[in-house]
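Heads up, query18.tsv below (TSV, C-alpha atoms):
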```tsv
chain	number	residue	atom	x	y	z
A	263	MET	CA	-7.24	13.13	13.29
A	264	ASN	CA	-6.16	15.86	10.90
A	265	ARG	CA	-3.43	15.23	8.37
A	266	ALA	CA	-0.89	17.57	9.98
A	267	ILE	CA	-1.06	15.81	13.37
A	268	ALA	CA	-0.89	12.41	11.67
A	269	ARG	CA	2.18	13.55	9.75
A	270	VAL	CA	3.90	14.88	12.89
A	271	LEU	CA	3.23	11.64	14.77
A	272	THR	CA	4.46	9.53	11.86
A	273	SER	CA	7.60	11.63	11.62
A	274	LEU	CA	8.59	10.44	15.11
A	275	TYR	CA	9.42	7.00	13.69
A	276	PRO	CA	12.86	6.13	12.28
A	277	ARG	CA	13.44	6.66	8.56
A	278	ALA	CA	13.56	2.96	7.61
A	279	TRP	CA	10.25	2.32	9.34
A	280	LYS	CA	8.67	5.38	7.71
A	281	ASP	CA	9.88	4.28	4.28
A	282	ARG	CA	8.01	1.01	4.68
A	283	TYR	CA	4.95	1.88	6.80
A	284	GLY	CA	4.85	5.70	6.89
A	285	ALA	CA	2.26	6.28	4.15
A	286	GLU	CA	-0.21	3.64	5.30
A	287	PHE	CA	0.32	4.56	8.97
A	288	GLU	CA	-0.50	8.18	8.20
A	289	VAL	CA	-3.70	7.13	6.42
A	290	HIS	CA	-4.54	4.92	9.39
A	291	LEU	CA	-3.95	7.79	11.85
A	292	GLU	CA	-6.15	10.13	9.82
A	293	ALA	CA	-9.01	7.70	10.34
A	294	GLU	CA	-8.41	7.60	14.11
A	295	SER	CA	-10.08	10.01	16.50
A	296	VAL	CA	-7.86	12.65	18.10
A	297	ASP	CA	-7.28	11.74	21.72
A	298	ILE	CA	-4.39	11.90	24.11
A	299	SER	CA	-4.14	8.14	24.66
A	300	THR	CA	-3.76	7.55	20.90
A	301	ALA	CA	-1.02	10.18	20.73
A	302	ILE	CA	0.78	8.68	23.74
A	303	ASN	CA	0.45	5.21	22.21
A	304	VAL	CA	2.07	6.40	18.97
A	305	ILE	CA	4.81	8.35	20.76
A	306	CYS	CA	5.72	5.34	22.96
A	307	SER	CA	5.72	3.02	19.95
A	308	ALA	CA	7.91	5.43	17.98
A	309	VAL	CA	10.40	5.64	20.85
A	310	GLY	CA	10.33	1.83	21.11
A	311	GLU	CA	10.94	1.53	17.37
A	312	ARG	CA	13.90	3.88	17.64
A	313	LEU	CA	15.40	1.89	20.53
A	314	PHE	CA	14.61	-1.56	19.17
A	315	PRO	CA	14.08	-1.18	15.41
A	316	THR	CA	11.95	-3.78	13.67
A	317	ILE	CA	13.37	-2.85	10.30
A	318	GLY	CA	16.35	-0.92	9.10
A	319	GLY	CA	18.22	-1.25	12.40
A	320	PRO	CA	21.81	-2.47	12.41
A	321	MET	CA	20.68	-5.82	13.83
A	322	ASP	CA	18.17	-6.22	11.05
A	323	GLN	CA	20.90	-5.82	8.45
A	324	HIS	CA	23.11	-8.46	10.03
A	325	SER	CA	25.81	-5.88	10.48
A	326	SER	CA	26.39	-6.14	14.22
A	327	SER	CA	30.13	-6.25	13.70
A	328	PHE	CA	32.53	-4.44	16.02
A	329	GLY	CA	33.10	-1.87	13.25
A	330	THR	CA	29.39	-1.07	13.05
A	331	VAL	CA	28.91	-0.84	16.81
A	332	VAL	CA	32.00	1.31	17.39
A	333	ARG	CA	30.82	3.79	14.74
A	334	LEU	CA	27.55	4.43	16.60
A	335	PRO	CA	27.45	7.97	18.03
A	336	SER	CA	26.77	6.66	21.54
A	337	ALA	CA	29.91	4.48	21.22
A	338	PHE	CA	32.41	7.01	19.95
A	339	ILE	CA	31.15	10.17	21.68
A	340	PRO	CA	32.31	9.06	25.19
A	341	MET	CA	35.72	8.07	23.74
A	342	ALA	CA	36.00	11.40	21.95
A	343	MET	CA	35.10	13.20	25.19
A	344	SER	CA	37.73	11.27	27.16
A	345	LEU	CA	40.39	11.93	24.54
A	346	THR	CA	39.48	15.63	24.45
A	347	ALA	CA	39.79	15.71	28.26
A	348	LEU	CA	43.20	14.00	27.98
A	349	ALA	CA	44.31	16.52	25.35
A	350	LEU	CA	43.21	19.36	27.65
A	351	VAL	CA	45.29	17.95	30.51
A	352	LEU	CA	48.35	17.49	28.29
A	353	ILE	CA	48.05	21.00	26.84
A	354	HIS	CA	47.66	22.39	30.35
A	355	ILE	CA	50.76	20.54	31.55
A	356	SER	CA	52.81	21.64	28.56
A	357	VAL	CA	51.79	25.31	29.01
A	358	PHE	CA	51.57	25.71	32.79
A	359	GLY	CA	53.60	22.74	34.03
A	360	ALA	CA	52.51	19.91	36.31
A	361	ALA	CA	52.28	22.03	39.46
A	362	ARG	CA	49.04	21.71	41.43
A	363	GLU	CA	46.94	24.88	41.38
A	364	ALA	CA	45.30	26.22	44.53
A	365	ASP	CA	42.00	26.93	42.70
A	366	GLU	CA	40.43	24.90	39.95
A	367	GLY	CA	40.87	26.76	36.68
A	368	PRO	CA	38.79	26.57	33.49
A	369	THR	CA	40.80	23.55	32.29
A	370	ALA	CA	39.82	21.59	35.40
A	371	HIS	CA	36.17	22.55	34.98
A	372	LEU	CA	36.17	21.58	31.32
A	373	TRP	CA	37.83	18.28	32.20
A	374	GLN	CA	35.17	17.57	34.82
A	375	ILE	CA	32.33	18.45	32.41
A	376	LEU	CA	33.77	16.19	29.71
A	377	MET	CA	34.26	13.26	32.07
A	378	ALA	CA	30.90	13.56	33.83
A	379	GLY	CA	28.99	14.44	30.65
A	380	GLN	CA	29.90	11.18	28.97
A	381	LEU	CA	28.29	9.06	31.71
A	382	PRO	CA	24.67	9.34	30.46
A	383	VAL	CA	25.82	8.62	26.89
A	384	LEU	CA	27.75	5.60	28.16
A	385	ALA	CA	24.74	4.37	30.12
A	386	PHE	CA	22.50	4.79	27.06
A	387	PHE	CA	24.96	2.88	24.89
A	388	ALA	CA	25.24	0.00	27.38
A	389	ILE	CA	21.48	-0.26	27.96
A	390	LYS	CA	20.67	-0.18	24.26
A	391	TRP	CA	23.42	-2.36	22.85
A	392	LEU	CA	24.40	-4.89	25.50
A	393	PRO	CA	21.26	-7.01	24.98
A	394	ARG	CA	21.61	-6.89	21.19
A	395	ALA	CA	25.32	-7.34	20.54
A	396	PRO	CA	26.88	-8.22	23.92
A	397	ARG	CA	30.40	-9.11	22.79
A	398	GLN	CA	30.92	-6.16	20.47
A	399	THR	CA	29.39	-3.82	23.05
A	400	LEU	CA	31.74	-5.10	25.77
A	401	TYR	CA	34.74	-4.46	23.47
A	402	VAL	CA	33.54	-0.91	22.90
A	403	ILE	CA	32.91	-0.39	26.63
A	404	ALA	CA	36.50	-1.62	27.25
A	405	LEU	CA	37.75	0.98	24.76
A	406	GLN	CA	35.64	3.67	26.42
A	407	ALA	CA	37.01	2.65	29.84
A	408	GLY	CA	40.57	2.72	28.44
A	409	ALA	CA	40.07	6.22	27.07
A	410	ALA	CA	38.57	7.39	30.37
A	411	LEU	CA	41.46	5.87	32.36
A	412	ALA	CA	43.98	7.48	30.01
A	413	SER	CA	42.38	10.82	30.77
A	414	ILE	CA	42.18	10.23	34.53
A	415	ALA	CA	45.72	8.81	34.89
A	416	PRO	CA	47.73	12.06	34.50
A	417	VAL	CA	45.37	13.88	36.87
A	418	LEU	CA	45.83	11.18	39.51
A	419	PHE	CA	49.55	10.54	39.07
A	420	LEU	CA	50.54	14.19	38.81
A	421	LYS	CA	48.02	15.16	41.52
A	422	LEU	CA	46.69	18.03	39.42
B	59	MET	CA	8.03	-7.57	25.23
B	60	ARG	CA	7.13	-4.26	23.65
B	61	SER	CA	4.35	-5.83	21.67
B	62	THR	CA	2.33	-6.54	24.81
B	63	GLN	CA	2.30	-2.91	25.87
B	64	HIS	CA	0.58	0.29	24.78
B	65	VAL	CA	-2.90	-1.13	24.49
B	66	VAL	CA	-5.51	1.61	24.52
B	67	VAL	CA	-8.27	0.38	26.82
B	68	PRO	CA	-11.68	2.04	26.50
B	69	LYS	CA	-12.84	3.44	29.86
B	70	GLU	CA	-16.08	1.45	29.97
B	71	LYS	CA	-14.17	-1.78	29.47
B	72	ALA	CA	-11.23	-1.00	31.70
B	73	VAL	CA	-12.70	-2.93	34.60
B	74	LYS	CA	-12.78	-6.16	32.57
B	75	GLU	CA	-9.65	-8.26	32.22
B	76	GLN	CA	-8.56	-8.14	28.60
B	77	TYR	CA	-6.24	-10.35	26.66
B	78	SER	CA	-3.30	-8.37	25.36
B	79	ASP	CA	-0.91	-10.04	22.96
B	80	PRO	CA	-1.06	-7.78	19.88
B	81	PRO	CA	0.71	-10.11	17.40
B	82	LEU	CA	-1.58	-12.99	18.34
B	83	LEU	CA	-4.64	-10.74	18.15
B	84	VAL	CA	-3.60	-9.54	14.68
B	85	LEU	CA	-3.05	-13.12	13.50
B	86	ALA	CA	-6.42	-14.15	14.91
B	87	SER	CA	-8.09	-11.22	13.18
B	88	LEU	CA	-6.50	-12.03	9.83
B	89	ALA	CA	-7.46	-15.71	10.16
B	90	SER	CA	-10.97	-14.76	9.00
B	91	GLY	CA	-9.67	-12.99	5.87
B	92	PRO	CA	-7.46	-10.08	4.72
B	93	LYS	CA	-7.99	-6.75	6.50
B	94	HIS	CA	-6.45	-3.30	6.69
B	95	GLY	CA	-5.38	-1.70	9.98
B	96	HIS	CA	-8.65	-0.04	10.92
B	97	ALA	CA	-10.70	-3.17	10.17
B	98	MET	CA	-8.27	-5.20	12.31
B	99	ILE	CA	-8.73	-2.84	15.27
B	100	GLU	CA	-12.53	-3.05	15.02
B	101	ASP	CA	-12.44	-6.82	14.56
B	102	ILE	CA	-10.14	-7.33	17.55
B	103	ALA	CA	-12.28	-4.99	19.69
B	104	GLY	CA	-15.34	-7.04	18.76
B	105	MET	CA	-13.55	-10.34	19.34
B	106	CYS	CA	-12.13	-9.71	22.82
B	107	GLY	CA	-12.81	-6.10	23.83
B	108	THR	CA	-9.19	-5.03	23.43
B	109	ARG	CA	-8.76	-1.90	21.37
B	110	LEU	CA	-5.21	-1.72	20.05
B	111	GLY	CA	-3.61	1.69	19.70
B	112	PRO	CA	-2.29	2.53	16.22
B	113	GLY	CA	1.34	2.36	17.37
B	114	THR	CA	0.80	-1.02	18.97
B	115	LEU	CA	-1.02	-2.34	15.91
B	116	TYR	CA	1.71	-1.28	13.51
B	117	GLY	CA	4.41	-2.55	15.87
B	118	ALA	CA	2.74	-5.96	15.70
B	119	ILE	CA	2.22	-5.74	11.93
B	120	ALA	CA	5.89	-4.86	11.35
B	121	ARG	CA	7.12	-7.78	13.48
B	122	LEU	CA	4.70	-10.27	11.95
B	123	GLU	CA	5.66	-9.19	8.45
B	124	GLN	CA	9.36	-9.50	9.32
B	125	GLN	CA	8.70	-13.04	10.55
B	126	GLY	CA	6.81	-13.89	7.35
B	127	LEU	CA	3.58	-14.58	9.25
B	128	ILE	CA	1.58	-11.95	7.34
B	129	VAL	CA	2.03	-10.34	3.92
B	130	PRO	CA	0.77	-7.07	2.44
B	131	LEU	CA	-1.74	-7.16	-0.40
B	132	PRO	CA	-2.13	-4.48	-3.10
B	133	PRO	CA	-3.38	-1.21	-1.50
B	134	GLU	CA	-7.11	-0.38	-1.64
B	135	GLU	CA	-7.94	3.34	-1.64
B	136	ARG	CA	-4.70	4.33	0.20
B	137	ARG	CA	-5.32	1.60	2.79
B	138	GLN	CA	-2.98	-1.35	3.05
B	139	PRO	CA	-4.63	-4.73	3.63
B	140	TYR	CA	-2.70	-7.73	4.97
B	141	ARG	CA	-3.31	-11.45	4.83
B	142	ILE	CA	-2.04	-14.23	7.04
B	143	THR	CA	0.43	-16.74	5.52
B	144	LYS	CA	0.39	-20.53	5.91
B	145	GLU	CA	3.18	-20.24	8.46
B	146	GLY	CA	1.13	-17.59	10.25
B	147	MET	CA	-1.85	-19.98	10.37
B	148	ARG	CA	0.37	-22.72	11.76
B	149	ILE	CA	1.83	-20.46	14.47
B	150	LEU	CA	-1.63	-19.13	15.34
B	151	GLY	CA	-2.98	-22.67	15.65
B	152	ALA	CA	-0.08	-23.74	17.89
B	153	LYS	CA	-0.40	-20.67	20.13
B	154	LEU	CA	-4.16	-21.01	20.47
B	155	ALA	CA	-3.81	-24.72	21.29
B	156	THR	CA	-1.32	-23.86	24.05
B	157	LEU	CA	-3.65	-21.15	25.36
B	158	GLN	CA	-6.60	-23.56	25.29
B	159	GLN	CA	-4.60	-26.11	27.26
B	160	PHE	CA	-3.54	-23.42	29.72
B	161	ALA	CA	-7.08	-22.06	30.09
B	162	LYS	CA	-8.45	-25.57	30.63
B	163	ALA	CA	-5.91	-26.35	33.34
B	164	GLY	CA	-6.42	-22.96	34.98
B	165	LEU	CA	-10.21	-23.26	35.04
B	166	LYS	CA	-9.95	-26.80	36.42
B	167	ARG	CA	-7.87	-25.49	39.31
B	168	LEU	CA	-10.39	-22.75	39.99
B	169	GLU	CA	-13.22	-25.27	40.12
B	170	ALA	CA	-11.31	-27.52	42.53
```

Encoded form (structure tokens):
Amino acid sequence: MNRAIARVLTSLYPRAWKDRYGAEFEVHLEAESVDISTAINVICSAVGERLFPTIGGPMDQHSSSFGTVVRLPSAFIPMAMSLTALALVLIHISVFGAAREADEGPTAHLWQILMAGQLPVLAFFAIKWLPRAPRQTLYVIALQAGAALASIAPVLFLKL
Amino acid sequence: MRSTQHVVVPKEKAVKEQYSDPPLLVLASLASGPKHGHAMIEDIAGMCGTRLGPGTLYGAIARLEQQGLIVPLPPEERRQPYRITKEGMRILGAKLATLQQFAKAGLKRLEA
């Protein structure tokens, strides 16, 4: 396998893993023949290492506190999206009032995109973190649910 | 779980049933002396016909090193050899004994 391909494949791994094994892995790949099954094997292993890190992951550093989990992008992005959606609704109410519109305007579409768009991120967060830090993950999911409900509540109660 | 996946099976051997537990295969390979990655792959292929993919091999190496079952030795010409630790030998022995017991019981049932 040529050096460039070996380097690209190695680069798929997380930084902490590369710091420890990157150089020797690259040398190992250079000695391997180029074939699709080898590339798939490396890609799958790199994805696995990113999802369940052997080294350098938060679990490896004994830092699976609530603070660490809640700061993960997949934890705070859904909350940020819900709060943005809530802010949109509040701004809309303050500018146009709480009257129901006949047609859905851009605010309604943005609200829908923000609320629906967070679902895959939420699912990813739950799948990745529930097995590893169940209690902290459940707290974060409760916060995410709270933020989502806060955003949905005015729409439901004011029948926007 | 992940460590038992991603085994690259050569086409000519695909019809045979192959044992696939990468960490155990790596430990078994290192039981005969220190080796670097490529030598481990060849040794394992010769031992049981299973050819580990590079990602699988290094996944197993990383986990075994984390568990203190293998340790790296000084590099030799850019290659990184590993050796098995005493704890690694003990775990390997225990796992192989369990497998032997299991194989014995299984074969006995087949004969019956």

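Contact shell of Met147 of chain B at 12 Å (only C-alpha atoms; same-chain neighbours under 3 positions omitted): Leu82, Val84, Leu85, Ala86, Ser87, Leu88, Ala89, Ser90, Gly91, Leu122, Gly126, Leu127, Ile128, Arg141, Ile142, Thr143, Lys144, Leu150, Gly151, Ala152, Lys153 and Leu154 of chain B.
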
Subject >> Residue hits in chain A, query chain B, radius 9 Å, only C-alpha atoms, as a PyMOL selection string >> reply: chain A and resi 279+283+285-287+289-291+293-294+299-308+310-311+316-317

Take the residues from that selection and put them in a file with C-alpha atoms, as a CSV table (one decimal), keeping the file's coordinate frame.
```
chain,number,residue,atom,x,y,z
A,279,TRP,CA,10.2,2.3,9.3
A,283,TYR,CA,5.0,1.9,6.8
A,285,ALA,CA,2.3,6.3,4.2
A,286,GLU,CA,-0.2,3.6,5.3
A,287,PHE,CA,0.3,4.6,9.0
A,289,VAL,CA,-3.7,7.1,6.4
A,290,HIS,CA,-4.5,4.9,9.4
A,291,LEU,CA,-4.0,7.8,11.8
A,293,ALA,CA,-9.0,7.7,10.3
A,294,GLU,CA,-8.4,7.6,14.1
A,299,SER,CA,-4.1,8.1,24.7
A,300,THR,CA,-3.8,7.6,20.9
A,301,ALA,CA,-1.0,10.2,20.7
A,302,ILE,CA,0.8,8.7,23.7
A,303,ASN,CA,0.4,5.2,22.2
A,304,VAL,CA,2.1,6.4,19.0
A,305,ILE,CA,4.8,8.4,20.8
A,306,CYS,CA,5.7,5.3,23.0
A,307,SER,CA,5.7,3.0,20.0
A,308,ALA,CA,7.9,5.4,18.0
A,310,GLY,CA,10.3,1.8,21.1
A,311,GLU,CA,10.9,1.5,17.4
A,316,THR,CA,12.0,-3.8,13.7
A,317,ILE,CA,13.4,-2.8,10.3
```

Subject >> Which residue of A:Gln380, A:Ser273, A:Ser356, A:Thr346 approaches Ser413 of chain A most closely, using all atoms listed in the file >> reply: A:Thr346

**OP:** Measure the distance from atom CA of Asn264 of chain A to atom CA of Pro315 of chain A in Å and round it to one decimal.
**Re:** 26.8 Å

Subject >> Which residue of A:Lys421, A:Lys390, A:Lys280, A:Arg397 approaches Leu334 of chain A most closely, using only C-alpha atoms >> reply: A:Lys390

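Take the candidates A:Ala385, A:Phe338, A:Val331, A:Glu288 and check each one against Ile267 of chain A using only C-alpha atoms; the shortest distance goes to A:Glu288.
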
Original post:
Could you work out how far atom CA of Met105 of chain B lies from atom CA of Tyr275 of chain A, giving the answer in Å with one decimal?
Top reply: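 Distance reported for this atom pair: 29.3 Å.
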
Original post:
Using only C-alpha atoms, which residues sit within 10 Å of Val351 of chain A once same-chain residues fewer than 2 positions away are excluded, as a PyMOL selection string?
Top reply: chain A and resi 345-349+353-357+360+369-370+372-373+413-414+416-417+422

Original post:
For Phe328 of chain A, which of A:Asp281, A:Leu405, A:Ile375, A:Leu352 is the closest residue, counting all atoms listed in the file?
Top reply: A:Leu405

Original post:
Could you state the separation of atom CA of Tyr401 of chain A and atom CA of Leu381 of chain A in Å, given to one decimal place?
Top reply: 17.1 Å

Subject >> Option closest in space to Gly146 of chain B, from B:Gln125, B:Ser78, B:Gln158, B:Glu169 [counting only C-alpha atoms] >> reply: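 When distances to Gly146 of chain B are compared using only C-alpha atoms, the smallest one comes from B:Gln125.
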
Reconstruct N, CA and C atoms of segment 96-115 of chain B; output as an mmCIF file, in the coordinates of the input.
```cif
data_model
loop_
_atom_site.group_PDB
_atom_site.id
_atom_site.type_symbol
_atom_site.label_atom_id
_atom_site.label_comp_id
_atom_site.auth_asym_id
_atom_site.auth_seq_id
_atom_site.Cartn_x
_atom_site.Cartn_y
_atom_site.Cartn_z
ATOM 1 N N HIS B 96 -7.464 -0.469 10.190
ATOM 2 C CA HIS B 96 -8.650 -0.040 10.920
ATOM 3 C C HIS B 96 -9.631 -1.198 11.112
ATOM 4 N N ALA B 97 -9.789 -2.019 10.075
ATOM 5 C CA ALA B 97 -10.700 -3.170 10.170
ATOM 6 C C ALA B 97 -10.184 -4.170 11.215
ATOM 7 N N MET B 98 -8.856 -4.293 11.314
ATOM 8 C CA MET B 98 -8.270 -5.200 12.310
ATOM 9 C C MET B 98 -8.608 -4.717 13.711
ATOM 10 N N ILE B 99 -8.453 -3.406 13.932
ATOM 11 C CA ILE B 99 -8.730 -2.840 15.270
ATOM 12 C C ILE B 99 -10.183 -3.100 15.668
ATOM 13 N N GLU B 100 -11.102 -2.846 14.724
ATOM 14 C CA GLU B 100 -12.530 -3.050 15.020
ATOM 15 C C GLU B 100 -12.819 -4.524 15.256
ATOM 16 N N ASP B 101 -12.214 -5.375 14.437
ATOM 17 C CA ASP B 101 -12.440 -6.820 14.560
ATOM 18 C C ASP B 101 -11.934 -7.337 15.905
ATOM 19 N N ILE B 102 -10.749 -6.890 16.284
ATOM 20 C CA ILE B 102 -10.140 -7.330 17.550
ATOM 21 C C ILE B 102 -10.978 -6.811 18.732
ATOM 22 N N ALA B 103 -11.447 -5.556 18.619
ATOM 23 C CA ALA B 103 -12.280 -4.990 19.690
ATOM 24 C C ALA B 103 -13.562 -5.810 19.844
ATOM 25 N N GLY B 104 -14.126 -6.227 18.710
ATOM 26 C CA GLY B 104 -15.340 -7.040 18.760
ATOM 27 C C GLY B 104 -15.086 -8.442 19.284
ATOM 28 N N MET B 105 -13.886 -8.950 18.986
ATOM 29 C CA MET B 105 -13.550 -10.340 19.340
ATOM 30 C C MET B 105 -13.269 -10.475 20.842
ATOM 31 N N CYS B 106 -12.510 -9.527 21.402
ATOM 32 C CA CYS B 106 -12.130 -9.710 22.820
ATOM 33 C C CYS B 106 -12.176 -8.422 23.635
ATOM 34 N N GLY B 107 -12.671 -7.339 23.059
ATOM 35 C CA GLY B 107 -12.810 -6.100 23.830
ATOM 36 C C GLY B 107 -11.543 -5.279 23.933
ATOM 37 N N THR B 108 -10.462 -5.774 23.371
ATOM 38 C CA THR B 108 -9.190 -5.030 23.430
ATOM 39 C C THR B 108 -9.097 -4.121 22.214
ATOM 40 N N ARG B 109 -8.910 -2.840 22.490
ATOM 41 C CA ARG B 109 -8.760 -1.900 21.370
ATOM 42 C C ARG B 109 -7.294 -1.505 21.262
ATOM 43 N N LEU B 110 -6.641 -1.997 20.222
ATOM 44 C CA LEU B 110 -5.210 -1.720 20.050
ATOM 45 C C LEU B 110 -5.006 -0.279 19.611
ATOM 46 N N GLY B 111 -3.998 0.358 20.167
ATOM 47 C CA GLY B 111 -3.610 1.690 19.700
ATOM 48 C C GLY B 111 -2.912 1.552 18.357
ATOM 49 N N PRO B 112 -2.907 2.634 17.548
ATOM 50 C CA PRO B 112 -2.290 2.530 16.220
ATOM 51 C C PRO B 112 -0.804 2.155 16.262
ATOM 52 N N GLY B 113 -0.085 2.694 17.250
ATOM 53 C CA GLY B 113 1.340 2.360 17.370
ATOM 54 C C GLY B 113 1.541 0.892 17.697
ATOM 55 N N THR B 114 0.710 0.386 18.587
ATOM 56 C CA THR B 114 0.800 -1.020 18.970
ATOM 57 C C THR B 114 0.473 -1.922 17.783
ATOM 58 N N LEU B 115 -0.589 -1.544 17.063
ATOM 59 C CA LEU B 115 -1.020 -2.340 15.910
ATOM 60 C C LEU B 115 0.109 -2.425 14.878
#
```
